[in-house]
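Everything below belongs to structure_0.cif, which stores mmCIF, C-alpha atoms and all ligand atoms.
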```
data_data
loop_
_atom_site.label_atom_id
_atom_site.label_comp_id
_atom_site.auth_asym_id
_atom_site.auth_seq_id
_atom_site.Cartn_x
_atom_site.Cartn_y
_atom_site.Cartn_z
CA MET A 1 234.26 76.93 58.86
CA LYS A 2 234.40 80.31 60.55
CA LYS A 3 234.51 80.38 64.34
CA SER A 4 231.61 82.04 66.08
CA TYR A 5 231.43 84.56 68.92
CA ARG A 6 228.85 86.02 71.28
CA ILE A 7 229.38 89.14 73.39
CA VAL A 8 227.26 89.82 76.45
CA THR A 9 227.47 93.48 77.44
CA TYR A 10 226.57 94.96 80.81
CA GLY A 11 226.77 98.59 81.87
CA CYS A 12 226.77 101.95 80.22
CA ALA A 13 227.35 103.47 76.77
CA MET A 14 231.09 103.15 77.41
CA ASN A 15 230.75 99.36 77.71
CA ARG A 16 228.62 99.29 74.56
CA SER A 17 231.33 101.26 72.80
CA ASP A 18 233.95 98.74 74.05
CA SER A 19 231.85 95.93 72.60
CA GLU A 20 231.69 97.65 69.20
CA ARG A 21 235.48 97.68 69.14
CA MET A 22 235.56 94.03 70.20
CA VAL A 23 233.19 93.04 67.39
CA ALA A 24 235.45 94.79 64.86
CA THR A 25 238.54 93.02 66.26
CA LEU A 26 236.91 89.57 66.23
CA GLU A 27 235.47 89.98 62.74
CA SER A 28 238.87 91.08 61.43
CA LEU A 29 240.14 87.74 62.78
CA GLY A 30 237.50 85.85 60.81
CA PHE A 31 234.97 85.26 63.60
CA GLN A 32 231.27 85.59 62.87
CA PRO A 33 228.34 86.22 65.25
CA ALA A 34 226.99 82.99 66.75
CA ARG A 35 223.53 82.00 65.68
CA ARG A 36 220.78 82.08 68.29
CA ASN A 37 220.51 78.87 70.30
CA ARG A 38 223.94 77.72 69.10
CA ALA A 39 226.84 77.33 71.54
CA PRO A 40 229.50 79.80 70.30
CA ASP A 41 233.24 79.10 70.02
CA LEU A 42 233.97 82.27 71.95
CA LEU A 43 231.81 83.78 74.68
CA ILE A 44 232.85 87.21 75.96
CA PHE A 45 231.37 89.01 78.95
CA ASN A 46 231.94 92.76 78.91
CA ALA A 47 231.51 93.49 82.59
CA CYS A 48 230.38 96.51 84.58
CA SER A 49 231.46 96.95 88.21
CA VAL A 50 229.29 99.92 89.05
CA ARG A 51 226.79 97.68 90.82
CA GLN A 52 227.34 94.33 92.51
CA SER A 53 224.28 92.94 90.71
CA ALA A 54 226.01 93.10 87.29
CA ILE A 55 229.04 91.23 88.66
CA ASP A 56 226.77 88.66 90.35
CA ARG A 57 225.05 88.06 87.04
CA ILE A 58 228.42 87.13 85.54
CA TYR A 59 229.23 84.79 88.45
CA GLY A 60 225.81 83.31 87.89
CA GLN A 61 226.89 82.27 84.37
CA ALA A 62 229.10 79.40 85.67
CA GLY A 63 226.32 76.80 85.24
CA ASN A 64 225.36 78.11 81.81
CA ILE A 65 229.02 77.95 80.72
CA ARG A 66 229.31 74.29 81.85
CA GLU A 67 226.22 73.47 79.80
CA LEU A 68 227.53 75.36 76.73
CA LYS A 69 230.87 73.55 77.05
CA THR A 70 229.15 70.17 76.90
CA ARG A 71 227.46 71.30 73.67
CA ASN A 72 230.66 72.80 72.27
CA PRO A 73 233.83 71.48 73.98
CA LYS A 74 235.91 74.01 72.01
CA LEU A 75 234.15 76.95 73.68
CA LYS A 76 236.49 79.54 75.26
CA THR A 77 235.19 82.09 77.72
CA ILE A 78 236.54 85.57 78.37
CA VAL A 79 235.79 88.41 80.78
CA THR A 80 236.80 92.00 80.11
CA GLY A 81 235.42 95.51 80.67
CA CYS A 82 235.26 97.13 84.09
CA VAL A 83 236.51 94.47 86.52
CA LEU A 84 237.86 95.13 90.01
CA PRO A 85 241.06 93.34 91.12
CA LYS A 86 239.14 91.24 93.67
CA ASP A 87 236.68 90.06 91.03
CA ARG A 88 239.53 89.40 88.56
CA ARG A 89 240.97 86.76 90.87
CA LYS A 90 237.58 85.08 91.35
CA PHE A 91 236.73 85.23 87.64
CA ALA A 92 240.05 83.55 86.81
CA ALA A 93 238.66 80.33 88.35
CA ILE A 94 235.60 80.34 86.09
CA PHE A 95 236.75 81.83 82.76
CA ASP A 96 239.53 80.89 80.34
CA LEU A 97 240.87 84.41 80.02
CA LEU A 98 240.56 87.81 81.60
CA PHE A 99 242.03 90.85 79.90
CA ASN A 100 242.03 94.59 80.41
CA ILE A 101 239.79 96.28 77.84
CA ARG A 102 242.59 98.83 77.33
CA ASP A 103 244.62 95.97 75.85
CA LEU A 104 242.03 95.08 73.21
CA ARG A 105 244.74 95.34 70.58
CA ASP A 106 246.36 92.29 72.21
CA LEU A 107 243.25 90.18 71.77
CA PRO A 108 244.54 88.30 68.68
CA ARG A 109 247.69 87.28 70.57
CA LEU A 110 245.71 86.39 73.69
CA LEU A 111 243.35 84.21 71.66
CA GLN A 112 246.30 82.31 70.22
CA GLY A 113 247.55 81.77 73.76
CA LEU A 114 244.22 80.17 74.64
CA GLU A 115 244.86 77.42 72.12
CA GLY A 116 248.39 76.64 73.33
CA PRO A 117 249.57 74.57 76.28
CA GLU A 118 250.01 77.67 78.50
CA LYS A 119 246.42 78.71 78.62
CA GLY A 120 245.98 82.39 79.39
CA LYS A 121 244.20 83.19 82.62
CA VAL A 122 244.72 86.76 83.64
CA SER A 123 246.29 89.28 81.34
CA VAL A 124 246.31 92.67 82.96
CA ARG A 125 249.17 94.93 82.09
CA PRO A 126 250.37 97.57 84.51
CA SER A 127 248.91 100.98 83.83
CA GLN A 128 250.14 102.55 80.61
CA GLN A 129 250.45 106.17 79.62
CA ASP A 130 249.26 105.45 76.15
CA ILE A 131 246.70 103.00 74.89
CA ASP A 132 245.97 101.53 71.49
CA TYR A 133 242.31 101.09 72.29
CA PHE A 134 241.24 104.24 70.42
CA LYS A 135 242.97 103.14 67.22
CA ILE A 136 240.62 100.20 66.76
CA LYS A 137 237.88 101.05 64.30
CA PRO A 138 234.57 100.04 65.88
CA ARG A 139 231.80 98.06 64.20
CA SER A 140 228.85 100.27 65.01
CA GLN A 141 225.68 98.43 66.06
CA SER A 142 223.59 101.14 64.40
CA LYS A 143 223.65 102.52 60.87
CA PHE A 144 222.86 106.06 61.97
CA SER A 145 223.90 106.51 65.60
CA ALA A 146 227.54 106.24 66.66
CA LEU A 147 229.38 106.23 69.97
CA VAL A 148 232.76 107.97 69.86
CA PRO A 149 234.97 107.63 72.96
CA VAL A 150 237.09 110.72 73.62
CA SER A 151 238.72 109.55 76.83
CA PHE A 152 239.30 106.44 78.88
CA GLY A 153 239.34 106.16 82.68
CA CYS A 154 238.79 108.82 85.33
CA ASN A 155 240.86 110.98 87.71
CA ARG A 156 238.07 112.04 90.06
CA PHE A 157 238.09 109.21 92.60
CA CYS A 158 234.59 109.62 93.95
CA THR A 159 234.76 107.47 97.06
CA TYR A 160 231.99 105.07 96.00
CA CYS A 161 233.15 104.52 92.43
CA ALA A 162 235.11 101.64 90.93
CA VAL A 163 235.97 103.28 87.61
CA PRO A 164 239.44 104.70 88.46
CA TYR A 165 240.39 101.17 89.62
CA THR A 166 238.85 99.23 86.75
CA ARG A 167 239.66 101.54 83.82
CA GLY A 168 242.58 103.48 85.29
CA LEU A 169 243.38 107.17 85.21
CA GLU A 170 241.97 109.38 82.45
CA ILE A 171 243.69 109.14 79.11
CA ASP A 172 242.47 111.63 76.52
CA ARG A 173 242.31 110.83 72.86
CA PRO A 174 243.98 113.29 70.48
CA ALA A 175 241.59 115.84 68.92
CA ALA A 176 242.77 115.03 65.41
CA GLU A 177 241.72 111.37 65.83
CA ILE A 178 238.30 112.29 67.22
CA VAL A 179 237.64 114.86 64.51
CA ALA A 180 238.72 112.42 61.79
CA GLU A 181 236.41 109.69 63.15
CA VAL A 182 233.43 112.07 63.42
CA THR A 183 234.08 113.46 59.91
CA LYS A 184 234.01 109.95 58.45
CA LEU A 185 230.86 109.00 60.36
CA ILE A 186 229.00 112.06 59.10
CA ALA A 187 230.19 111.40 55.54
CA ARG A 188 228.82 107.84 55.90
CA GLY A 189 225.41 109.27 56.81
CA PHE A 190 225.43 108.93 60.59
CA ARG A 191 222.81 111.23 62.09
CA GLU A 192 223.65 111.11 65.76
CA ILE A 193 227.12 111.21 67.26
CA THR A 194 227.61 110.72 70.99
CA LEU A 195 230.97 111.65 72.46
CA LEU A 196 231.77 109.40 75.40
CA GLY A 197 233.96 109.81 78.43
CA GLN A 198 233.64 109.04 82.11
CA THR A 199 233.86 112.79 82.66
CA VAL A 200 233.61 113.76 79.02
CA SER A 201 233.76 117.51 79.68
CA SER A 202 237.19 117.19 81.36
CA TRP A 203 238.67 116.11 78.03
CA ARG A 204 241.47 118.19 76.51
CA ASP A 205 243.72 117.50 73.59
CA PRO A 206 246.82 115.69 74.92
CA GLN A 207 248.82 117.30 72.13
CA ASP A 208 247.59 120.82 72.88
CA PRO A 209 246.13 121.26 76.40
CA LYS A 210 244.76 124.70 75.44
CA TYR A 211 242.36 122.93 73.08
CA LYS A 212 239.53 121.99 75.42
CA PHE A 213 236.18 120.24 75.26
CA LEU A 214 234.48 123.47 74.16
CA ASN A 215 236.90 123.75 71.19
CA LEU A 216 236.13 120.17 70.22
CA LEU A 217 232.37 120.77 70.31
CA ALA A 218 232.78 123.97 68.30
CA GLU A 219 234.86 122.19 65.65
CA ILE A 220 232.28 119.42 65.25
CA GLU A 221 229.38 121.91 65.29
CA LYS A 222 230.94 123.62 62.25
CA MET A 223 230.96 120.42 60.16
CA SER A 224 228.47 120.42 57.33
CA GLY A 225 225.64 117.89 57.12
CA LYS A 226 222.54 117.20 59.12
CA PHE A 227 223.37 115.52 62.43
CA TRP A 228 222.98 115.92 66.19
CA LEU A 229 225.90 115.85 68.57
CA ARG A 230 225.44 114.54 72.09
CA PHE A 231 227.92 113.88 74.90
CA THR A 232 227.86 111.93 78.13
CA SER A 233 228.60 112.24 81.01
CA PRO A 234 229.77 115.75 81.78
CA TYR A 235 231.07 116.85 85.18
CA ILE A 236 229.39 119.89 86.69
CA LEU A 237 232.64 121.64 87.64
CA ASP A 238 233.79 121.70 84.00
CA PHE A 239 230.93 124.03 83.08
CA ASP A 240 231.59 127.75 82.91
CA GLU A 241 229.57 130.56 81.34
CA LYS A 242 231.55 130.19 78.12
CA LEU A 243 230.58 126.56 77.66
CA ILE A 244 226.95 127.25 78.58
CA GLY A 245 226.95 130.27 76.23
CA PHE A 246 228.19 128.05 73.42
CA LEU A 247 225.53 125.41 74.09
CA ALA A 248 222.88 128.15 74.11
CA GLN A 249 223.56 129.08 70.49
CA ALA A 250 224.62 125.68 69.07
CA GLN A 251 222.36 124.15 66.43
CA LYS A 252 223.78 120.64 66.25
CA VAL A 253 224.94 120.04 69.80
CA SER A 254 222.05 118.68 71.84
CA ASN A 255 220.46 120.95 74.41
CA TYR A 256 220.07 118.00 76.75
CA LEU A 257 222.56 117.37 79.55
CA ASN A 258 222.97 114.57 82.04
CA LEU A 259 224.25 116.38 85.12
CA PRO A 260 224.87 113.91 87.96
CA LEU A 261 224.03 115.43 91.36
CA GLN A 262 224.44 112.22 93.44
CA SER A 263 223.31 113.89 96.66
CA GLY A 264 221.57 117.12 97.65
CA ASP A 265 223.45 117.32 100.94
CA ASP A 266 226.86 118.99 101.25
CA THR A 267 228.16 116.63 103.97
CA ILE A 268 227.32 113.59 101.87
CA LEU A 269 228.80 115.20 98.74
CA LYS A 270 232.02 115.76 100.67
CA ARG A 271 232.01 112.16 101.89
CA MET A 272 231.53 111.09 98.27
CA ASN A 273 234.46 113.33 97.25
CA ARG A 274 232.30 114.97 94.60
CA ARG A 275 234.25 118.26 94.99
CA TYR A 276 231.23 120.55 94.50
CA SER A 277 228.57 121.86 96.86
CA VAL A 278 224.85 121.90 96.25
CA SER A 279 224.96 125.66 95.60
CA GLU A 280 227.73 125.24 92.98
CA TYR A 281 225.62 122.58 91.25
CA LEU A 282 222.55 124.82 91.31
CA ARG A 283 224.50 127.78 89.96
CA VAL A 284 225.53 125.88 86.83
CA LEU A 285 222.11 124.31 86.39
CA ASN A 286 220.41 127.71 86.66
CA TRP A 287 222.77 129.21 84.04
CA ALA A 288 221.87 126.34 81.74
CA LYS A 289 218.13 126.64 82.41
CA LYS A 290 218.18 130.38 81.77
CA GLN A 291 220.35 130.42 78.69
CA ILE A 292 219.86 127.20 76.72
CA PRO A 293 216.62 127.25 74.72
CA ASP A 294 214.36 124.24 75.44
CA PHE A 295 216.92 122.97 77.92
CA ASN A 296 216.30 119.43 79.15
CA PHE A 297 218.33 117.55 81.73
CA SER A 298 218.60 114.37 83.73
CA THR A 299 220.56 113.60 86.84
CA ASP A 300 222.04 110.68 88.81
CA ILE A 301 221.36 110.13 92.50
CA ILE A 302 222.70 107.62 95.00
CA VAL A 303 220.46 107.01 98.01
CA GLY A 304 221.61 105.42 101.27
CA PHE A 305 225.27 106.36 100.99
CA CYS A 306 227.34 105.65 104.14
CA GLY A 307 225.92 107.55 107.11
CA GLU A 308 223.10 109.22 105.16
CA THR A 309 220.55 110.37 107.77
CA GLU A 310 216.85 110.93 107.16
CA LYS A 311 217.53 114.68 107.18
CA GLN A 312 220.32 114.35 104.62
CA PHE A 313 218.10 112.27 102.37
CA GLN A 314 215.37 114.89 102.80
CA ASN A 315 217.88 117.52 101.59
CA THR A 316 218.36 115.45 98.42
CA TYR A 317 214.60 115.15 98.03
CA ASP A 318 214.17 118.91 98.43
CA VAL A 319 216.89 119.73 95.88
CA PHE A 320 215.36 117.20 93.49
CA ALA A 321 211.94 118.84 93.93
CA LYS A 322 213.53 122.19 93.16
CA ILE A 323 215.49 121.21 90.06
CA ARG A 324 212.71 118.96 88.61
CA PRO A 325 214.65 116.77 86.14
CA THR A 326 212.97 114.97 83.24
CA MET A 327 214.87 111.80 84.05
CA ALA A 328 217.00 110.52 86.91
CA PHE A 329 219.09 107.40 87.35
CA ILE A 330 218.49 106.65 91.02
CA ALA A 331 220.63 103.94 92.62
CA ARG A 332 220.83 102.41 96.09
CA TYR A 333 224.38 102.63 97.38
CA SER A 334 226.26 99.32 97.35
CA PRO A 335 229.93 99.18 98.36
CA ARG A 336 232.39 98.33 95.61
CA PRO A 337 235.47 96.41 96.82
CA GLY A 338 238.65 98.47 96.96
CA THR A 339 236.99 101.90 96.81
CA MET A 340 237.62 104.47 99.55
CA ALA A 341 234.04 104.23 100.79
CA GLN A 342 234.28 100.46 101.10
CA LYS A 343 237.65 100.66 102.86
CA THR A 344 237.04 103.57 105.23
CA MET A 345 233.28 104.03 105.73
CA ILE A 346 230.43 101.94 107.05
CA ASP A 347 227.57 100.94 104.81
CA ASP A 348 225.15 101.54 107.66
CA VAL A 349 221.88 102.50 105.99
CA PRO A 350 219.58 99.46 106.19
CA ALA A 351 218.51 97.91 102.86
CA LYS A 352 214.86 98.61 103.74
CA THR A 353 215.58 102.31 104.24
CA LYS A 354 217.52 102.51 100.95
CA LYS A 355 214.58 100.91 99.16
CA ALA A 356 212.09 103.31 100.76
CA ARG A 357 214.25 106.33 99.81
CA LEU A 358 214.60 105.11 96.25
CA GLU A 359 210.85 104.63 95.97
CA LYS A 360 210.10 108.05 97.44
CA LEU A 361 212.44 109.76 94.99
CA THR A 362 211.11 107.69 92.09
CA ARG A 363 207.57 108.84 92.89
CA LEU A 364 208.78 112.43 92.74
CA LEU A 365 210.65 111.76 89.50
CA LYS A 366 207.46 110.47 87.86
CA LYS A 367 205.78 113.76 88.76
CA THR A 368 208.60 116.03 87.55
CA ALA A 369 209.07 113.97 84.38
CA ARG A 370 205.39 114.11 83.47
CA GLU A 371 205.26 117.87 84.17
CA ASN A 372 208.26 118.47 81.92
CA HIS A 373 206.78 116.37 79.17
CA ARG A 374 203.42 118.19 79.38
CA ARG A 375 205.17 121.43 78.45
CA VAL A 376 205.75 120.28 74.88
CA VAL A 377 202.24 118.94 74.19
CA GLY A 378 200.86 120.66 71.10
CA ARG A 379 204.29 121.48 69.69
CA ILE A 380 205.84 120.06 66.54
CA LEU A 381 209.20 118.51 67.34
CA GLU A 382 211.87 117.08 65.12
CA VAL A 383 212.58 113.44 65.95
CA LEU A 384 215.41 111.13 64.95
CA VAL A 385 213.68 107.76 64.63
CA ASP A 386 215.64 104.87 66.12
CA THR A 387 213.19 101.96 66.31
CA TRP A 388 210.34 100.52 64.31
CA LEU A 389 207.90 98.10 65.94
CA PRO A 390 206.29 96.34 62.95
CA GLN A 391 203.71 94.40 65.03
CA LYS A 392 202.46 97.58 66.64
CA LYS A 393 203.02 99.67 63.51
CA GLU A 394 204.80 102.25 65.64
CA CYS A 395 208.08 104.12 65.56
CA LEU A 396 210.13 105.38 68.49
CA GLY A 397 212.70 108.14 68.36
CA LYS A 398 214.38 110.93 70.27
CA THR A 399 214.07 114.67 69.96
CA ARG A 400 217.14 116.90 69.95
CA ILE A 401 216.53 117.44 73.67
CA PHE A 402 216.52 113.67 74.18
CA LYS A 403 212.86 113.09 74.89
CA THR A 404 211.46 109.78 73.67
CA VAL A 405 208.57 110.07 71.20
CA ARG A 406 206.25 107.29 70.05
CA PHE A 407 203.99 107.60 67.00
CA ALA A 408 202.05 105.43 64.58
CA SER A 409 203.84 104.50 61.36
CA LYS A 410 203.29 101.70 58.87
CA LYS A 411 206.76 102.32 57.50
CA ASN A 412 210.15 101.78 59.06
CA LEU A 413 211.53 105.32 59.44
CA ALA A 414 214.58 104.38 61.54
CA GLY A 415 217.52 106.67 60.83
CA ARG A 416 215.37 109.53 59.50
CA PHE A 417 214.64 112.98 60.90
CA ILE A 418 210.90 113.63 60.82
CA ASN A 419 208.47 116.09 62.37
CA VAL A 420 205.98 114.86 64.92
CA LYS A 421 203.12 116.76 66.52
CA ILE A 422 203.10 115.99 70.24
CA LEU A 423 199.65 114.96 71.44
CA LYS A 424 200.15 113.36 74.83
CA ALA A 425 202.65 113.35 77.70
CA ARG A 426 203.44 110.23 79.67
CA GLU A 427 205.93 109.90 82.52
CA PHE A 428 208.87 108.84 80.42
CA GLU A 429 207.78 109.38 76.85
CA LEU A 430 205.68 111.51 74.54
CA GLU A 431 203.07 110.36 72.10
CA GLY A 432 202.53 112.13 68.81
CA LYS A 433 201.49 111.94 65.23
CA LEU A 434 203.51 112.16 62.09
CA ILE A 435 202.91 115.35 60.14
S1 LIG B 501 233.52 111.14 88.14
FE1 LIG B 501 233.37 109.90 90.00
S2 LIG B 501 231.56 108.63 89.60
FE2 LIG B 501 232.18 109.43 87.61
S3 LIG B 501 233.54 107.83 86.77
FE3 LIG B 501 234.84 109.32 87.83
S4 LIG B 501 235.14 108.49 89.88
FE4 LIG B 501 233.37 107.45 88.98
#
```

Would you mind writing the file out in structure tokens?
Amino acid sequence: MKKSYRIVTYGCAMNRSDSERMVATLESLGFQPARRNRAPDLLIFNACSVRQSAIDRIYGQAGNIRELKTRNPKLKTIVTGCVLPKDRRKFAAIFDLLFNIRDLRDLPRLLQGLEGPEKGKVSVRPSQQDIDYFKIKPRSQSKFSALVPVSFGCNRFCTYCAVPYTRGLEIDRPAAEIVAEVTKLIARGFREITLLGQTVSSWRDPQDPKYKFLNLLAEIEKMSGKFWLRFTSPYILDFDEKLIGFLAQAQKVSNYLNLPLQSGDDTILKRMNRRYSVSEYLRVLNWAKKQIPDFNFSTDIIVGFCGETEKQFQNTYDVFAKIRPTMAFIARYSPRPGTMAQKTMIDDVPAKTKKARLEKLTRLLKKTARENHRRVVGRILEVLVDTWLPQKKECLGKTRIFKTVRFASKKNLAGRFINVKILKAREFELEGKLI
């Protein structure tokens, strides 16, 4: 009988992309997905270290694992993904194996080791210049929307961020590999391709550094077939007028950008090591707003970073009110072990204050989001349907500018481009009717 697996994924699109590669690896080894309510033979947690809460949720699995092991004594448990060195040591006491996601190619060997007398505990290789990770063909969770990693790791070292420590320095994937993967996906009928990288716009071809992110977008834009190309997350300093000019005339590349601001105060930005000032951020955003038709954007904000005063938070609030994003991922600062902020700064903003700042900004976001959505009421927008809710007889999908649209449909239209007349704007979605 085939062995079964279950993967629990936390975190961002990058972690979801890791899990797709893990599924492909396990299924090539003869594993099959575990049935619901059955204790699997292999339980893998794909961790995210961006927030302590995700790590705590994994620690909180200890009791569940004991219970699963009584139901299936052969169960092996694994942790991978974005794991900080401090957490690695603690996880080693709870799980059978811990491995670096960059070493996914080693998984078959590591699984064999789990069966032998020298049970694997921690397998983390020293940093490599080259990784096999990209060569693994993923098993996409969707039949029409694919995640394509173009780089791994990050060189920016924002002082609050764990990524350079969990995933290592940035390694870029060769252009030829990316283009070949995207070509195949489009030929297989994929309608939405999302290029992924921690700072995706910093990507350049390792075999030809003159071939930059803009060249890659332009090459994919030229491919025939009906599809939309998205990318996340770009870094504001990688944008110049050339890149914005390209986005302004592109037909397939989405005119939606996630442009993390993190703080609207220059002193805090410096403390975060974000390397740009508020005015540099605004300059790029204003280029984009002026030039890209129907431009839509979201941002990321951290409130309550070390030493953030009421005035500095107010600066963030004021910049937010000025830029008016459609969506924002607002987080309360929490120190990640081993980062510069955790080692050299004091997390001195009280939890109550962080909560109040988050709520204040969220109230503003609801206003700016609704206003942005109202602007498209009455228009007919093309939507790529991604979900069908049979009980409600409704479909959900995204426009090219990444706005969520809900409309009545008796049929499952997932994976199709259709036109929807927008009738109503809500805070975080639009309502329309199929035409
Ligand atoms: S750019 Fe900064 S926040 Fe983003 S992954 Fe890199 S270090 Fe982390």

- Message: Just want the 8 Å neighbourhood of A:Val253, counted on all atoms listed in the file, with same-chain residues fewer than 2 positions away dropped. Output as an NGL selection string.
- Response: :A and (217 or 221 or 228-230 or 247 or 250-251 or 255)

- Message: Just want the 6 Å neighbourhood of stretch 303-313 of chain A, counted on all atoms listed in the file, with same-chain residues fewer than 2 positions away dropped. Output as an MDAnalysis selection string.
- Response: chainID A and resid 265 315:316 332:333 346:349 354

- Which residue of A:Arg416, A:Arg363, A:Arg336, A:Lys410 approaches ligand LIG 501 (chain B) most closely, using all atoms listed in the file: A:Arg336

- Could the residues that lie within 6 Å of ligand LIG 501 (chain B), counting all atoms listed in the file, be listed as a ChimeraX atom specification? /A:154,156-158,161,163-164,198-199

- Message: Can you measure atom CA of A:Ile178 to atom CA of A:Val150 for me? One decimal in Å is fine.
- Response: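 Atom-to-atom, atom CA of A:Ile178 and atom CA of A:Val150 are spaced 6.7 Å apart.
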
- Task: Quote the spacing between atom CA of A:Val200 and atom CA of A:Ala162 in Å to one decimal place.
- Result: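 Between atom CA of A:Val200 and atom CA of A:Ala162 the gap is 17.1 Å.
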
- Out of A:Lys3, A:Arg283, A:Lys222, A:Lys290, which residue has the shortest atom-to-atom distance to A:Lys252 when counting only C-alpha atoms?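 Among the listed residues, the smallest separation from A:Lys252 belongs to A:Lys222.
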
- Would you work out the distance separating atom CA of A:Arg374 from atom CA of A:Leu358, expressed in Å to one decimal? 24.1 Å

- Using only C-alpha atoms: which of A:Arg51, A:Lys210, A:Arg38, A:Lys137 has the shortest distance to A:Leu26: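 Smallest distance to A:Leu26 is found for A:Lys137.
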
- Message: Calculated over only C-alpha atoms, which of the candidates A:Leu423, A:Leu107, A:Ala351, A:Ile323 has the smallest distance to A:Thr368?
- Response: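 Closest to A:Thr368 of all the choices is A:Ile323.
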
Hey, could you make a per-residue contact list for stretch 156-240 of chain A against stretch 376-396 of chain A with 12 Å as the cut-off, showing the nearest pair of atoms and its distance in Å to one decimal, counting all atoms listed in the file, sorted by chain and number, as a Markdown table?
```
| residue | atom | partner | partner_atom | distance |
| --- | --- | --- | --- | --- |
| A:Phe190 | CA | A:Leu384 | CA | 11.1 |
| A:Arg191 | CA | A:Leu384 | CA | 7.9 |
| A:Glu192 | CA | A:Leu384 | CA | 8.3 |
| A:Ile193 | CA | A:Leu384 | CA | 11.9 |
| A:Lys226 | CA | A:Leu384 | CA | 11.0 |
| A:Phe227 | CA | A:Leu384 | CA | 9.4 |
| A:Trp228 | CA | A:Leu384 | CA | 9.0 |
```

Export, as an mmCIF file, in the coordinates of the input, the selected residues with C-alpha atoms.
```
data_model
loop_
_atom_site.group_PDB
_atom_site.id
_atom_site.type_symbol
_atom_site.label_atom_id
_atom_site.label_comp_id
_atom_site.auth_asym_id
_atom_site.auth_seq_id
_atom_site.Cartn_x
_atom_site.Cartn_y
_atom_site.Cartn_z
ATOM 1 C CA PHE A 190 225.430 108.930 60.590
ATOM 2 C CA ARG A 191 222.810 111.230 62.090
ATOM 3 C CA GLU A 192 223.650 111.110 65.760
ATOM 4 C CA ILE A 193 227.120 111.210 67.260
ATOM 5 C CA LYS A 226 222.540 117.200 59.120
ATOM 6 C CA PHE A 227 223.370 115.520 62.430
ATOM 7 C CA TRP A 228 222.980 115.920 66.190
#
```

- In file coordinates, which residues lie within 8 Å of (221.6, 127.8, 78.1) using all atoms listed in the file, given as a VMD selection string? chain A and resid 244 to 245 247 to 249 255 287 to 293 295

- Task: Please return, as a list in words, all polymer residues that have at least one atom within 9 Å of the point (219.3, 117.1, 84.5); use only C-alpha atoms and the file's own coordinate frame.
- Result: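 Within 9 Å of (219.3, 117.1, 84.5), the protein and nucleic acid residues are Tyr256, Leu257, Asn258, Leu259, Pro260, Leu261, Leu285, Asn296, Phe297, Ser298, Thr299, Asp300, Ile323, Arg324, Pro325, Thr326, Met327 and Ala328 of chain A.
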
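Proximity ranking of A:Lys76, A:Arg71, A:Asn155, A:Asp56 relative to A:Tyr5 places A:Lys76 first, based on all atoms listed in the file.
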
Quick test: take stretch 333-360 of chain A, keep C-alpha atoms, and write it as a CSV table (one decimal), in the first residue's frame.
```csv
chain,number,residue,atom,x,y,z
A,333,TYR,CA,6.1,44.5,14.9
A,334,SER,CA,7.3,41.4,16.7
A,335,PRO,CA,11.1,40.7,17.1
A,336,ARG,CA,12.5,37.8,15.2
A,337,PRO,CA,15.4,36.0,16.9
A,338,GLY,CA,18.8,36.7,15.4
A,339,THR,CA,17.7,39.7,13.3
A,340,MET,CA,19.6,43.1,13.7
A,341,ALA,CA,16.5,44.7,15.3
A,342,GLN,CA,16.2,41.9,17.9
A,343,LYS,CA,19.9,42.0,18.7
A,344,THR,CA,20.5,45.8,18.7
A,345,MET,CA,17.2,47.6,19.3
A,346,ILE,CA,14.5,47.6,22.0
A,347,ASP,CA,11.0,46.5,21.2
A,348,ASP,CA,9.7,49.3,23.4
A,349,VAL,CA,6.2,50.1,21.9
A,350,PRO,CA,3.6,48.6,24.2
A,351,ALA,CA,1.4,45.9,22.8
A,352,LYS,CA,-1.7,48.0,23.4
A,353,THR,CA,-0.2,50.9,21.4
A,354,LYS,CA,0.7,48.6,18.5
A,355,LYS,CA,-2.9,47.3,18.5
A,356,ALA,CA,-4.3,50.8,18.5
A,357,ARG,CA,-2.1,51.9,15.7
A,358,LEU,CA,-3.0,48.8,13.6
A,359,GLU,CA,-6.7,49.5,14.2
A,360,LYS,CA,-6.4,53.1,13.3
```
